[in-house]
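Trainee: Attaching a single structure in structure tokens format; questions to follow.
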Amino acid sequence: MNVFAGTDIGLVRRENEDYVFASGEPVGPLENLFMVADGMGGHRGGEFASRYVVEQIVRTIRSSKKENPVSALNEAIQEANYGLREEASRNPKFWEMGTTLVAATIDGATMFVANIGDSRLYLLEDGINLRQVTRDHSWVEEMVADGKMARGSESYWEKKNIITRAVGIDDTATADFFEIDLKPGERILLCSDGLTNMVEDEEIERILSMPDPLEELGKELMEEGKRNGGRDNISVILVEPELDEVNIC
């Protein structure tokens with residue numbers, strides 16, 4: 001399995017409120033684990049929230065007895081949500097802090113994905129076709145689903161940063177889960193909205209389709225985000241599973 005993980009502060013923000021974790025090796029009952037979190041909250045609350053949630057999820061999964069990947073992920077997310085709310089209750093400067101989260105683990109030829117907020121997971125299929133697997137939990141996407149707003153319109157971009165779900169905001173963190181069958185040659189991208197707000201999907205697709213090492217592709221994605229303004233922190237995890245056609249059949 002080939003993996004690249006990177007995060008960049010961008011060109012505008014003073015702190016990096018993104019946090020990434022990437023392990024191609026087992027973490028507790030999971031064969032591997034990849035996460036991107038994008039924190040929010042004043043007085044460095046966002047920076048604390050993203051790091052806390054990712055590290056707490058790793059700790060919980062390492063000691064988990066759950067054999068099902070979705071159960072293990074959900075248990076860890078709920079523990080992290082509870083812990084983050086406890087931290088916020090003890091420190092007034094962390095009130096209303098929270099973080100998005102996108103997480104993935106691969107078991108054989110099956111990928112399990114969890115997401116809360118608007119950090120995303122994409123799959124590059126057939127080496128050329130980019131597909132967004134996750135669904136953004138944002139106000140504009142709800143408006144699009146209701147037919148009240150056009151995706152990509154001026155109003156869409158003005159309100160895109162209003163998210164409707166995050167870890168640490170409510171008593172229970174409600175994640176969406178996806179189960180994806182993988183094929184040989186596919187590439188996986190987890191990223192924060194610092195990338196997707198700056199780089200169109202078509203350009204992400206073009207870059208990921210190039211036959212370069214993942215490290216070069218990941219760095220090029222972050223650089224492209226900065227060339228287009230770099231208004232937010234940019235985080236990228238790229239995964240290239242090593243799948244055997246025989247094992248898939």
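Starting from 1 in every chain, residues are counted up; chains themselves are A, B, ... following the order of the structure tokens, and ligands are numbered from 1 as listed.
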Could you list, as a PyMOL selection string, every residue within 8 Å of Thr164 of chain A, counting only C-alpha atoms and ignoring same-chain residues fewer than 6 positions away?
Mentor: chain A and resi 117+137-139
Trainee: Quick one: everything within 8 Å of Ala76 of chain A, counting only C-alpha atoms, minus sequence neighbours fewer than 4 positions away in the same chain. Send it as a list of chain:residue names.
Mentor: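 Once the nearby chain positions are removed, what remains is A:Gln56, A:Ile57, A:Val58, A:Thr60, A:Ile61, A:Ala72, A:Ala80.
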Trainee: Deliver the residues from the most recent selection as a file, using C-alpha atoms, as a PDB file, in the first residue's frame.
Mentor:
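Listing of out.pdb after writing:
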ATOM      1  CA  GLN A  56      -8.621  10.289  20.737  1.00  0.00           C
ATOM      2  CA  ILE A  57     -10.014   8.204  17.877  1.00  0.00           C
ATOM      3  CA  VAL A  58      -6.641   6.500  17.456  1.00  0.00           C
ATOM      4  CA  THR A  60      -9.951   4.331  21.313  1.00  0.00           C
ATOM      5  CA  ILE A  61      -9.490   2.133  18.243  1.00  0.00           C
ATOM      6  CA  ALA A  72     -15.032   0.463  15.707  1.00  0.00           C
ATOM      7  CA  ALA A  80     -13.947  11.680  20.831  1.00  0.00           C
TER       8      ALA A  80
END
Trainee: Considering only C-alpha atoms, return as an mmCIF file with N, CA and C atoms, in the first residue's frame whatever protein or nucleic-acid residues lie within 9 Å of Val70 of chain A, sequence-local ones (same chain, fewer than 4 positions apart) excluded.
Mentor:
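Written out: out.cif:
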data_model
loop_
_atom_site.group_PDB
_atom_site.id
_atom_site.type_symbol
_atom_site.label_atom_id
_atom_site.label_comp_id
_atom_site.auth_asym_id
_atom_site.auth_seq_id
_atom_site.Cartn_x
_atom_site.Cartn_y
_atom_site.Cartn_z
ATOM 1 N N LYS A 66 -14.057 -4.154 19.038
ATOM 2 C CA LYS A 66 -14.996 -4.272 17.924
ATOM 3 C C LYS A 66 -14.290 -4.888 16.716
ATOM 4 N N ASN A 74 -17.316 4.130 14.658
ATOM 5 C CA ASN A 74 -18.388 4.880 15.304
ATOM 6 C C ASN A 74 -18.169 4.989 16.813
ATOM 7 N N GLU A 75 -17.735 3.894 17.436
ATOM 8 C CA GLU A 75 -17.429 3.924 18.864
ATOM 9 C C GLU A 75 -16.370 4.978 19.162
ATOM 10 N N PHE A 112 -14.106 1.219 4.077
ATOM 11 C CA PHE A 112 -15.144 1.748 4.953
ATOM 12 C C PHE A 112 -14.813 3.209 5.239
ATOM 13 N N VAL A 113 -15.790 4.074 5.059
ATOM 14 C CA VAL A 113 -15.574 5.519 5.162
ATOM 15 C C VAL A 113 -16.579 6.116 6.134
ATOM 16 N N ALA A 114 -16.108 7.067 6.955
ATOM 17 C CA ALA A 114 -16.990 7.847 7.826
ATOM 18 C C ALA A 114 -16.736 9.319 7.565
ATOM 19 N N PHE A 177 -21.760 6.766 6.935
ATOM 20 C CA PHE A 177 -20.829 5.675 6.660
ATOM 21 C C PHE A 177 -21.065 5.140 5.255
ATOM 22 N N PHE A 178 -19.974 4.788 4.590
ATOM 23 C CA PHE A 178 -20.024 4.282 3.227
ATOM 24 C C PHE A 178 -19.155 3.025 3.137
#
Trainee: Which residue out of A:Asp170, A:Asp212, A:Glu87, A:Glu186 has the minimum interatomic distance to Tyr122 of chain A when only C-alpha atoms are used?
Mentor: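 The shortest atom-to-atom distance to Tyr122 of chain A comes from A:Glu186.
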Trainee: What is the atom CA of Glu17 of chain A-atom CA of Ser155 of chain A distance in Å, reported with one decimal?
Mentor: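 So the two atoms, atom CA of Glu17 of chain A and atom CA of Ser155 of chain A, lie 25.6 Å apart.
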